[in-house]
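What's in upload.cif: mmCIF, C-alpha atoms
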```
data_target
#
loop_
_atom_site.label_atom_id
_atom_site.label_comp_id
_atom_site.auth_asym_id
_atom_site.auth_seq_id
_atom_site.Cartn_x
_atom_site.Cartn_y
_atom_site.Cartn_z
CA MET A 1 -29.90 -39.99 73.77
CA LEU A 2 -32.72 -42.19 74.89
CA ARG A 3 -35.65 -39.94 75.75
CA THR A 4 -37.91 -40.95 78.57
CA ILE A 5 -41.17 -39.05 78.86
CA LEU A 6 -43.34 -38.99 81.93
CA THR A 7 -47.03 -38.33 82.10
CA ALA A 8 -47.63 -37.54 85.74
CA ALA A 9 -48.98 -35.05 88.19
CA LEU A 10 -47.37 -31.70 88.82
CA ALA A 11 -49.06 -29.13 91.00
CA THR A 12 -48.55 -25.63 89.62
CA MET A 13 -50.48 -22.40 89.69
CA ALA A 14 -51.42 -21.13 86.26
CA ALA A 15 -49.22 -18.19 85.31
CA PRO A 16 -50.96 -14.86 84.70
CA ALA A 17 -51.92 -14.07 81.12
CA PHE A 18 -50.98 -10.78 79.47
CA ALA A 19 -52.15 -9.12 76.27
CA ASN A 20 -50.96 -12.01 74.10
CA ASP A 21 -52.46 -14.54 76.55
CA SER A 22 -49.00 -15.82 77.42
CA VAL A 23 -46.11 -14.99 79.72
CA ALA A 24 -42.55 -16.09 79.02
CA GLU A 25 -40.45 -18.27 81.29
CA LEU A 26 -36.85 -17.26 82.00
CA GLY A 27 -34.25 -19.99 81.64
CA THR A 28 -32.13 -20.14 84.79
CA GLY A 29 -29.35 -22.52 85.82
CA GLY A 30 -26.84 -23.19 88.55
CA LEU A 31 -23.43 -21.99 89.69
CA ILE A 32 -20.44 -21.26 87.45
CA LEU A 33 -16.84 -21.38 88.72
CA SER A 34 -13.84 -19.62 87.28
CA ARG A 35 -11.71 -22.19 85.46
CA SER A 36 -9.99 -24.60 87.84
CA ASP A 37 -8.19 -27.89 87.27
CA ALA A 38 -7.94 -28.43 91.04
CA VAL A 39 -11.57 -28.28 92.19
CA ALA A 40 -13.82 -31.19 91.25
CA MET A 41 -17.59 -31.35 91.56
CA GLN A 42 -18.17 -34.54 93.51
CA SER A 43 -21.95 -34.29 93.43
CA GLU A 44 -24.91 -32.18 92.40
CA ASP A 45 -28.40 -32.74 93.80
CA LEU A 46 -30.94 -30.72 91.81
CA PHE A 47 -34.61 -30.36 92.73
CA ILE A 48 -37.12 -28.58 90.47
CA SER A 49 -40.76 -27.74 91.12
CA PRO A 50 -42.95 -24.79 90.12
CA GLU A 51 -42.53 -23.35 93.61
CA LYS A 52 -38.77 -23.68 94.11
CA VAL A 53 -35.44 -24.81 92.71
CA THR A 54 -32.79 -26.07 95.12
CA VAL A 55 -29.29 -27.23 94.26
CA ASN A 56 -26.84 -28.88 96.64
CA TYR A 57 -23.23 -29.20 95.50
CA VAL A 58 -20.20 -30.91 96.99
CA PHE A 59 -16.90 -29.53 95.65
CA ARG A 60 -13.51 -30.99 96.52
CA ASN A 61 -10.05 -29.54 96.12
CA ASN A 62 -7.91 -32.58 95.34
CA THR A 63 -4.58 -30.75 95.56
CA ASP A 64 -2.25 -29.87 98.43
CA LYS A 65 -2.78 -26.12 98.04
CA ASP A 66 -5.78 -23.94 98.85
CA VAL A 67 -7.58 -22.60 95.78
CA SER A 68 -9.37 -19.25 95.61
CA SER A 69 -12.04 -19.02 92.93
CA ILE A 70 -14.84 -16.73 91.78
CA VAL A 71 -18.24 -18.44 91.98
CA ALA A 72 -21.10 -16.85 90.08
CA PHE A 73 -24.84 -17.29 89.70
CA PRO A 74 -25.97 -15.61 86.48
CA MET A 75 -29.55 -14.36 86.74
CA PRO A 76 -31.51 -14.49 83.48
CA ASP A 77 -31.38 -11.33 81.37
CA ILE A 78 -34.64 -9.39 81.41
CA GLU A 79 -35.96 -6.92 78.86
CA GLY A 80 -37.87 -3.84 79.99
CA ASP A 81 -40.62 -4.26 77.42
CA PRO A 82 -44.13 -3.56 78.82
CA ASN A 83 -45.68 -5.76 76.13
CA GLU A 84 -43.47 -8.79 76.85
CA MET A 85 -43.18 -8.95 80.61
CA PRO A 86 -41.61 -12.25 81.76
CA ALA A 87 -42.71 -14.29 84.76
CA LEU A 88 -40.95 -12.74 87.76
CA PRO A 89 -41.52 -14.30 91.22
CA GLU A 90 -40.30 -11.19 93.06
CA ALA A 91 -41.52 -8.46 90.71
CA GLN A 92 -40.42 -5.44 92.81
CA SER A 93 -36.91 -6.58 93.70
CA ASP A 94 -33.44 -6.60 92.14
CA ASN A 95 -33.35 -10.17 93.45
CA PHE A 96 -36.33 -11.07 91.29
CA LEU A 97 -35.86 -14.82 91.79
CA GLY A 98 -35.34 -14.65 95.55
CA PHE A 99 -31.84 -16.16 95.26
CA GLU A 100 -30.14 -17.40 98.46
CA VAL A 101 -26.92 -19.33 99.02
CA THR A 102 -25.14 -21.08 101.89
CA ILE A 103 -21.53 -22.32 102.11
CA ASP A 104 -20.94 -25.20 104.52
CA GLY A 105 -24.29 -24.36 106.12
CA VAL A 106 -23.56 -20.65 106.65
CA ASP A 107 -25.58 -18.00 104.83
CA ALA A 108 -23.44 -16.19 102.29
CA LYS A 109 -23.81 -12.57 101.19
CA PRO A 110 -22.92 -12.51 97.50
CA GLN A 111 -22.36 -9.28 95.61
CA LEU A 112 -24.79 -8.29 92.87
CA GLU A 113 -23.30 -7.04 89.61
CA GLN A 114 -25.82 -5.31 87.32
CA ARG A 115 -25.42 -3.71 83.92
CA ALA A 116 -28.01 -2.07 81.70
CA PHE A 117 -27.92 -2.14 77.89
CA ALA A 118 -29.89 -0.45 75.11
CA LEU A 119 -29.35 -1.51 71.50
CA GLY A 120 -26.34 -3.48 72.73
CA ILE A 121 -24.70 -0.39 74.26
CA ASP A 122 -23.85 -0.24 77.97
CA ILE A 123 -25.96 2.60 79.40
CA THR A 124 -25.46 1.74 83.09
CA ALA A 125 -23.67 5.01 83.85
CA ASP A 126 -26.42 7.06 82.17
CA VAL A 127 -29.15 5.40 84.23
CA LYS A 128 -27.27 5.69 87.52
CA ALA A 129 -26.40 9.35 86.86
CA GLN A 130 -30.13 10.16 86.86
CA ASN A 131 -30.74 8.11 90.04
CA VAL A 132 -32.96 5.66 88.16
CA PRO A 133 -32.94 2.07 89.47
CA LEU A 134 -31.47 -0.42 86.99
CA TYR A 135 -34.20 -3.00 87.62
CA PRO A 136 -36.73 -2.18 84.87
CA PHE A 137 -39.96 -3.68 86.19
CA GLY A 138 -40.18 -2.12 89.65
CA ASP A 139 -42.44 0.78 90.50
CA ALA A 140 -39.37 2.73 91.65
CA ALA A 141 -37.91 2.88 88.13
CA LYS A 142 -41.17 4.15 86.63
CA ALA A 143 -41.47 6.81 89.34
CA ALA A 144 -37.90 7.95 88.73
CA LEU A 145 -38.47 8.18 84.96
CA ALA A 146 -41.43 10.50 85.56
CA LYS A 147 -39.05 12.99 87.20
CA LEU A 148 -36.45 13.08 84.42
CA PRO A 149 -35.65 16.46 82.84
CA LYS A 150 -37.31 16.86 79.44
CA ASP A 151 -34.02 16.95 77.55
CA VAL A 152 -32.91 13.68 79.15
CA THR A 153 -36.28 12.07 78.42
CA LYS A 154 -36.01 13.01 74.75
CA ASP A 155 -32.42 11.81 74.53
CA TRP A 156 -33.26 8.46 76.17
CA GLU A 157 -36.26 7.95 73.92
CA ASP A 158 -34.14 8.65 70.84
CA ARG A 159 -31.52 6.13 72.05
CA GLY A 160 -34.02 3.35 72.72
CA ILE A 161 -33.53 3.46 76.49
CA ILE A 162 -37.19 4.25 77.26
CA ILE A 163 -40.49 4.16 75.36
CA GLU A 164 -43.98 5.53 75.88
CA ASP A 165 -46.57 3.12 77.25
CA THR A 166 -50.30 3.61 77.70
CA ALA A 167 -52.03 1.61 80.40
CA ASP A 168 -54.89 1.81 82.87
CA ASP A 169 -53.54 2.63 86.33
CA GLY A 170 -56.97 2.38 87.94
CA SER A 171 -57.96 5.93 87.19
CA GLY A 172 -58.23 5.51 83.44
CA MET A 173 -55.76 5.21 80.58
CA GLN A 174 -52.49 7.01 81.27
CA THR A 175 -49.39 7.48 79.12
CA ALA A 176 -45.95 7.42 80.72
CA TYR A 177 -42.37 6.58 79.88
CA VAL A 178 -41.20 3.12 80.91
CA PRO A 179 -37.83 1.29 80.78
CA PHE A 180 -36.92 -0.40 77.51
CA TRP A 181 -33.39 -1.42 78.43
CA GLN A 182 -32.02 -4.91 79.04
CA LEU A 183 -30.76 -5.78 82.53
CA ARG A 184 -27.95 -8.26 83.06
CA SER A 185 -27.53 -9.39 86.68
CA THR A 186 -25.03 -11.76 88.30
CA TYR A 187 -24.58 -12.72 91.93
CA TRP A 188 -20.96 -13.60 92.71
CA TRP A 189 -18.54 -14.21 95.54
CA ARG A 190 -14.97 -15.31 96.10
CA SER A 191 -14.70 -18.75 97.67
CA THR A 192 -11.72 -20.61 99.10
CA PHE A 193 -11.50 -24.35 98.56
CA PRO A 194 -9.12 -25.74 101.23
CA ALA A 195 -6.54 -28.31 100.18
CA ASN A 196 -7.83 -31.90 100.16
CA LYS A 197 -11.21 -30.90 101.61
CA GLU A 198 -14.85 -30.79 100.60
CA VAL A 199 -16.94 -27.62 100.41
CA HIS A 200 -20.73 -27.87 100.51
CA VAL A 201 -22.58 -25.14 98.62
CA SER A 202 -26.37 -24.92 98.48
CA HIS A 203 -28.54 -22.38 96.73
CA ARG A 204 -32.23 -21.90 96.17
CA TYR A 205 -34.54 -19.62 94.24
CA LYS A 206 -38.05 -19.37 92.86
CA PRO A 207 -38.27 -20.41 89.21
CA SER A 208 -39.70 -18.24 86.48
CA VAL A 209 -42.75 -20.24 85.39
CA GLY A 210 -44.02 -19.24 81.98
CA GLY A 211 -47.62 -19.92 81.06
CA THR A 212 -50.46 -19.82 78.58
CA SER A 213 -54.13 -19.85 79.53
CA SER A 214 -54.86 -22.76 77.18
CA VAL A 215 -53.02 -25.56 75.38
CA SER A 216 -51.16 -23.73 72.62
CA PHE A 217 -50.38 -26.80 70.49
CA PHE A 218 -53.88 -28.34 70.26
CA SER A 219 -57.12 -26.92 68.84
CA GLU A 220 -59.98 -27.87 66.52
CA GLY A 221 -59.60 -31.51 67.49
CA GLN A 222 -55.96 -31.94 66.51
CA PHE A 223 -52.37 -31.02 67.26
CA GLN A 224 -51.33 -27.82 65.54
CA ASN A 225 -48.01 -27.02 63.87
CA PRO A 226 -45.53 -25.43 64.08
CA GLN A 227 -46.06 -25.34 67.86
CA TYR A 228 -46.64 -29.08 68.09
CA ASP A 229 -43.36 -29.98 66.36
CA THR A 230 -41.49 -27.49 68.54
CA TYR A 231 -42.97 -28.92 71.74
CA LYS A 232 -42.43 -32.50 70.58
CA THR A 233 -38.70 -31.84 70.31
CA ARG A 234 -38.33 -29.63 73.35
CA TYR A 235 -40.45 -31.59 75.83
CA CYS A 236 -40.34 -35.12 74.35
CA MET A 237 -44.12 -35.52 74.39
CA ASP A 238 -44.92 -39.24 73.98
CA GLN A 239 -48.04 -41.13 72.93
CA THR A 240 -49.34 -41.44 76.48
CA PHE A 241 -49.10 -37.70 77.05
CA GLU A 242 -50.72 -36.90 73.71
CA ASN A 243 -53.54 -39.39 74.32
CA ALA A 244 -54.29 -37.66 77.62
CA VAL A 245 -54.57 -34.34 75.77
CA ARG A 246 -56.90 -35.87 73.16
CA LYS A 247 -59.03 -37.41 75.90
CA ALA A 248 -59.37 -34.06 77.65
CA ALA A 249 -60.42 -32.43 74.37
CA LYS A 250 -63.10 -35.06 73.72
CA ALA A 251 -64.45 -34.64 77.25
CA ASN A 252 -65.08 -30.94 76.62
CA PRO A 253 -68.14 -30.04 74.49
CA ASP A 254 -66.13 -27.17 73.01
CA GLY A 255 -63.55 -29.64 71.67
CA TYR A 256 -60.40 -28.28 73.26
CA PRO A 257 -58.46 -29.63 76.28
CA LYS A 258 -59.31 -27.63 79.41
CA TYR A 259 -55.78 -27.14 80.70
CA TYR A 260 -53.52 -24.28 81.59
CA GLU A 261 -50.02 -24.58 80.13
CA SER A 262 -46.95 -23.79 82.24
CA ARG A 263 -43.27 -24.11 81.40
CA ILE A 264 -40.02 -24.26 83.38
CA ALA A 265 -36.57 -23.95 81.78
CA TYR A 266 -33.38 -24.93 83.64
CA ILE A 267 -30.01 -24.24 82.01
CA LEU A 268 -27.80 -27.24 82.80
CA THR A 269 -25.15 -26.94 80.09
CA THR A 270 -23.26 -23.80 81.10
CA GLY A 271 -21.12 -25.28 83.89
CA GLY A 272 -18.10 -27.54 83.54
CA ASN A 273 -15.37 -25.18 84.80
CA TRP A 274 -14.17 -27.73 87.33
CA ALA A 275 -11.65 -30.57 87.25
CA SER A 276 -12.58 -33.22 84.63
CA GLY A 277 -15.60 -31.16 83.51
CA THR A 278 -18.02 -33.84 84.70
CA ILE A 279 -20.15 -34.26 87.83
CA GLY A 280 -19.18 -37.30 89.90
CA ASN A 281 -22.70 -38.06 91.12
CA PHE A 282 -25.66 -36.24 89.61
CA LYS A 283 -29.27 -36.44 90.79
CA LEU A 284 -32.28 -34.61 89.38
CA THR A 285 -35.62 -34.69 91.19
CA ILE A 286 -38.81 -33.29 89.68
CA ASP A 287 -41.76 -32.80 92.01
CA LYS A 288 -45.07 -33.86 90.50
CA GLY A 289 -47.87 -32.83 92.91
CA SER A 290 -51.52 -33.41 91.99
CA PRO A 291 -52.59 -36.44 89.91
CA LYS A 292 -54.89 -34.16 87.91
CA ASN A 293 -51.97 -32.54 86.10
CA LEU A 294 -49.80 -33.67 83.19
CA VAL A 295 -46.05 -33.17 82.77
CA SER A 296 -43.65 -33.97 79.97
CA PHE A 297 -39.87 -33.63 79.82
CA CYS A 298 -36.83 -35.35 78.33
CA GLY A 299 -34.50 -37.58 80.33
CA ASP A 300 -32.75 -40.93 80.61
CA ASN A 301 -33.65 -43.70 83.07
CA VAL A 302 -36.35 -41.77 84.88
CA LYS A 303 -37.60 -43.51 88.03
CA LYS A 304 -40.61 -42.83 90.20
CA VAL A 305 -39.21 -42.64 93.72
CA GLY A 306 -42.24 -41.44 95.66
CA PRO A 307 -45.91 -40.50 95.36
CA THR A 308 -45.02 -37.08 93.96
CA THR A 309 -41.40 -37.29 92.76
CA PHE A 310 -39.40 -38.60 89.83
CA GLU A 311 -35.64 -38.99 89.76
CA ILE A 312 -32.77 -39.22 87.31
CA THR A 313 -29.30 -40.26 88.55
CA ALA A 314 -25.99 -40.56 86.73
CA LYS A 315 -22.28 -40.98 87.46
CA ASP A 316 -19.51 -38.95 85.83
CA PHE A 317 -22.30 -36.92 84.30
CA TYR A 318 -21.70 -34.43 81.51
CA PRO A 319 -24.79 -32.30 80.75
CA GLU A 320 -25.52 -32.37 77.03
CA ARG A 321 -28.86 -30.58 77.06
CA ASP A 322 -30.86 -28.23 79.23
CA ILE A 323 -33.98 -29.24 81.17
CA ASP A 324 -37.34 -28.09 79.82
CA ILE A 325 -40.54 -29.06 81.62
CA LEU A 326 -44.05 -28.73 80.21
CA LEU A 327 -46.90 -28.68 82.73
CA LEU A 328 -50.63 -28.93 82.04
CA GLU A 329 -53.02 -28.16 84.88
CA PRO A 330 -56.79 -28.60 84.52
CA SER A 331 -58.53 -25.25 84.18
CA ASP A 332 -61.70 -26.52 85.86
CA ASN A 333 -62.22 -28.06 89.27
CA GLY A 334 -63.13 -31.44 87.88
CA GLY A 335 -59.92 -32.05 85.95
CA ASN A 336 -59.02 -34.87 83.63
CA GLY A 337 -56.00 -36.45 85.27
CA GLY A 338 -53.52 -38.44 83.22
#
```
For this file, write the structure as structure tokens.
Amino acid sequence: MLRTILTAALATMAAPAFANDSVAELGTGGLILSRSDAVAMQSEDLFISPEKVTVNYVFRNNTDKDVSSIVAFPMPDIEGDPNEMPALPEAQSDNFLGFEVTIDGVDAKPQLEQRAFALGIDITADVKAQNVPLYPFGDAAKAALAKLPKDVTKDWEDRGIIIEDTADDGSGMQTAYVPFWQLRSTYWWRSTFPANKEVHVSHRYKPSVGGTSSVSFFSEGQFQNPQYDTYKTRYCMDQTFENAVRKAAKANPDGYPKYYESRIAYILTTGGNWASGTIGNFKLTIDKGSPKNLVSFCGDNVKKVGPTTFEITAKDFYPERDIDILLLEPSDNGGNGG
């Protein structure tokens, strides 16, 4: 695959830093259909920015019979580890990405399927039996854990369902039990695709934007392995992008580039359960934003289509790799645009 790398502007807020000075992004994708040889995906229009992801699909049933199919949106799995909290746009909600969907312009009300696991064992029934919310990062789950009977608390700790965590709640360091389980969430609905007709499905959500408070792959005047090699492969950093990083480092008396690092991961390769397995017309748009920022990602035939947007289009498209976007935003007001 020919890799085209852009060095451009992308406005993004720096993600909050935790104890390890980094917060992980959650890879998220699009819709998945139950297997169908009748329903084709005529088009997919995908837009990605740090603030939102929107996807507009056109499906068509090319047969003479109506087709009923399950359509699902898998949310990324999240681990209830207080030391490795991921970037969650809606941190107090089961719908932690703010997912919404419309079908032919009408708001849909998908069902939410959630399961909790500890050490690979389904413990959903245990958690529900104690009236503890399955979502591990909300305040409600922590409050419910504080009310557990002592024998249940001990049993759950022994089984790896909860762990002790010490943190400052504003009144000093406090120790409490917190969730340690994994949550698997999927929105789904049953959709009918009428014979020989198109169905327009659109969904939107807020992406999980991972971040680091500095450039993790450059220090002491040079690119640092193994992070540099990993990023080179994942984000297709080219010479222009790297020169911009070097320039920023030289402009700083301390010798390091004054940028925040942010990352977006979009899972594009999990679909294909439609007729032919390819997308008739595919379009990807990445919003760039401020000229002070840098962005690098992999793609073929990337075109600049506006002051702040870049576009990739393809026909009969079969996704062979996911989309990973690396964003660098100046950490000072002056900036070093690239």
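When the PyMOL selection byres ((chain A and resi 156-162) around 6) is run on the displayed coordinates, the residues it returns are Ala118, Thr153, Lys154, Asp155, Ile163, Val178, Pro179, Phe180 and Trp181 of chain A.
Picked out by the PyMOL selection byres ((chain A and resi 24-26) around 7) when it runs on this file: Ser22, Val23, Gly27, Thr28, Pro76, Pro86, Ala87, Ser208, Val209, Gly210, Gly211, Arg263, Ile264 and Ala265 of chain A.
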Counting all atoms listed in the file, which residues sit no farther than 10 Å from the position (-19.6, -28.5, 82.4) in the file's frame? I'd like them as a PyMOL selection string. chain A and resi 32-33+41+268-279+317-320
Just checking: using only C-alpha atoms, which residue out of A:Thr166, A:Ser171, A:Ser93, A:Ser68 ends up closest to Ala141 (chain A)? A:Ser93
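With only C-alpha atoms as the atoms that count, the residue of A:Gln111, A:Thr308, A:Asn225, A:Ser290 with the shortest distance to Leu328 (chain A) is A:Ser290.
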Using only C-alpha atoms, give me every residue within 6 Å of (-47.1, -30.1, 71.6) in file coordinates, as a PyMOL selection string. chain A and resi 217+228+231-232
CA of Tyr256 (chain A) to CA of Asn243 (chain A): how many Å, to one decimal? 13.1 Å
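Selection result for the displayed file, with the PyMOL selection byres ((chain A and resi 53) around 6) as criterion, is A:Phe47, A:Ile48, A:Lys52, A:Thr54, A:Arg204, A:Tyr205.
Between Ile312 (chain A) and the residues A:Ile325, A:Thr102, A:Leu284, A:Ser202, the shortest atom-to-atom distance, using all atoms listed in the file, involves A:Leu284.
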Just the number, please: distance in Å from CA of Asn61 (chain A) to CA of Ile267 (chain A), one decimal. 25.0 Å
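Across the model, the gap from CA of Thr313 (chain A) to CA of Ser43 (chain A) is 10.7 Å.
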Close residues, Phe73 (chain A) itself excluded, 7 Å, only C-alpha atoms, min 2 positions apart in chain, as a PyMOL selection string: chain A and resi 30-32+75+186-188
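Nearest to Thr124 (chain A) of all the residues A:Val201, A:Asn301, A:Gln182, A:Asn281 is A:Gln182, counting all atoms listed in the file.
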Between A:Ile121, A:Met85, A:Val245, A:Ala38, which one has atoms that come closest to Tyr259 (chain A), using all atoms listed in the file? A:Val245
When you look at region 190-194 of chain A with a cut-off of 10 Å (counting all atoms listed in the file), what residues show up, excluding the ones that are within fewer than 4 positions of it in the same chain? I need them as a ChimeraX atom specification. /A:33-34,38-39,59-72,103,110-111,198-199
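Closest approach to Met237 (chain A) from the set A:Ala40, A:Val295, A:Leu112, A:Val132 is made by A:Val295, with distances taken over all atoms listed in the file.
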Using the incomplete input, complete region 280-300 of chain A to the level of N, CA and C atoms; output as an mmCIF file, in the coordinates of the input.
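Full text of rebuild_3.cif as output:
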```cif
data_model
loop_
_atom_site.group_PDB
_atom_site.id
_atom_site.type_symbol
_atom_site.label_atom_id
_atom_site.label_comp_id
_atom_site.auth_asym_id
_atom_site.auth_seq_id
_atom_site.Cartn_x
_atom_site.Cartn_y
_atom_site.Cartn_z
ATOM 1 N N GLY A 280 -19.374 -35.938 89.409
ATOM 2 C CA GLY A 280 -19.180 -37.300 89.900
ATOM 3 C C GLY A 280 -20.474 -38.048 90.098
ATOM 4 N N ASN A 281 -21.373 -37.473 90.888
ATOM 5 C CA ASN A 281 -22.700 -38.060 91.120
ATOM 6 C C ASN A 281 -23.748 -36.970 90.903
ATOM 7 N N PHE A 282 -24.633 -37.216 89.946
ATOM 8 C CA PHE A 282 -25.660 -36.240 89.610
ATOM 9 C C PHE A 282 -27.037 -36.831 89.900
ATOM 10 N N LYS A 283 -27.890 -36.019 90.540
ATOM 11 C CA LYS A 283 -29.270 -36.440 90.790
ATOM 12 C C LYS A 283 -30.208 -35.291 90.484
ATOM 13 N N LEU A 284 -31.223 -35.573 89.692
ATOM 14 C CA LEU A 284 -32.280 -34.610 89.380
ATOM 15 C C LEU A 284 -33.598 -35.151 89.921
ATOM 16 N N THR A 285 -34.296 -34.339 90.677
ATOM 17 C CA THR A 285 -35.620 -34.690 91.190
ATOM 18 C C THR A 285 -36.631 -33.671 90.692
ATOM 19 N N ILE A 286 -37.713 -34.154 90.105
ATOM 20 C CA ILE A 286 -38.810 -33.290 89.680
ATOM 21 C C ILE A 286 -40.036 -33.636 90.509
ATOM 22 N N ASP A 287 -40.586 -32.621 91.158
ATOM 23 C CA ASP A 287 -41.760 -32.800 92.010
ATOM 24 C C ASP A 287 -43.006 -32.811 91.137
ATOM 25 N N LYS A 288 -43.893 -33.763 91.356
ATOM 26 C CA LYS A 288 -45.070 -33.860 90.500
ATOM 27 C C LYS A 288 -46.324 -33.236 91.088
ATOM 28 N N GLY A 289 -46.704 -33.509 92.324
ATOM 29 C CA GLY A 289 -47.870 -32.830 92.910
ATOM 30 C C GLY A 289 -49.174 -33.553 92.689
ATOM 31 N N SER A 290 -50.163 -32.868 92.117
ATOM 32 C CA SER A 290 -51.520 -33.410 91.990
ATOM 33 C C SER A 290 -51.639 -34.386 90.829
ATOM 34 N N PRO A 291 -52.388 -35.481 91.008
ATOM 35 C CA PRO A 291 -52.590 -36.440 89.910
ATOM 36 C C PRO A 291 -53.473 -35.899 88.796
ATOM 37 N N LYS A 292 -54.049 -34.738 88.962
ATOM 38 C CA LYS A 292 -54.890 -34.160 87.910
ATOM 39 C C LYS A 292 -54.083 -33.476 86.814
ATOM 40 N N ASN A 293 -52.779 -33.284 87.050
ATOM 41 C CA ASN A 293 -51.970 -32.540 86.100
ATOM 42 C C ASN A 293 -51.139 -33.470 85.225
ATOM 43 N N LEU A 294 -50.666 -32.937 84.109
ATOM 44 C CA LEU A 294 -49.800 -33.670 83.190
ATOM 45 C C LEU A 294 -48.448 -32.974 83.121
ATOM 46 N N VAL A 295 -47.381 -33.743 82.929
ATOM 47 C CA VAL A 295 -46.050 -33.170 82.770
ATOM 48 C C VAL A 295 -45.284 -33.983 81.739
ATOM 49 N N SER A 296 -44.498 -33.299 80.948
ATOM 50 C CA SER A 296 -43.650 -33.970 79.970
ATOM 51 C C SER A 296 -42.282 -33.311 79.939
ATOM 52 N N PHE A 297 -41.223 -34.142 79.924
ATOM 53 C CA PHE A 297 -39.870 -33.630 79.820
ATOM 54 C C PHE A 297 -38.964 -34.739 79.308
ATOM 55 N N CYS A 298 -37.781 -34.387 78.881
ATOM 56 C CA CYS A 298 -36.830 -35.350 78.330
ATOM 57 C C CYS A 298 -35.860 -35.808 79.418
ATOM 58 N N GLY A 299 -35.466 -37.076 79.366
ATOM 59 C CA GLY A 299 -34.500 -37.580 80.330
ATOM 60 C C GLY A 299 -34.250 -39.057 80.144
ATOM 61 N N ASP A 300 -33.124 -39.519 80.685
ATOM 62 C CA ASP A 300 -32.750 -40.930 80.610
ATOM 63 C C ASP A 300 -33.007 -41.618 81.943
#
```
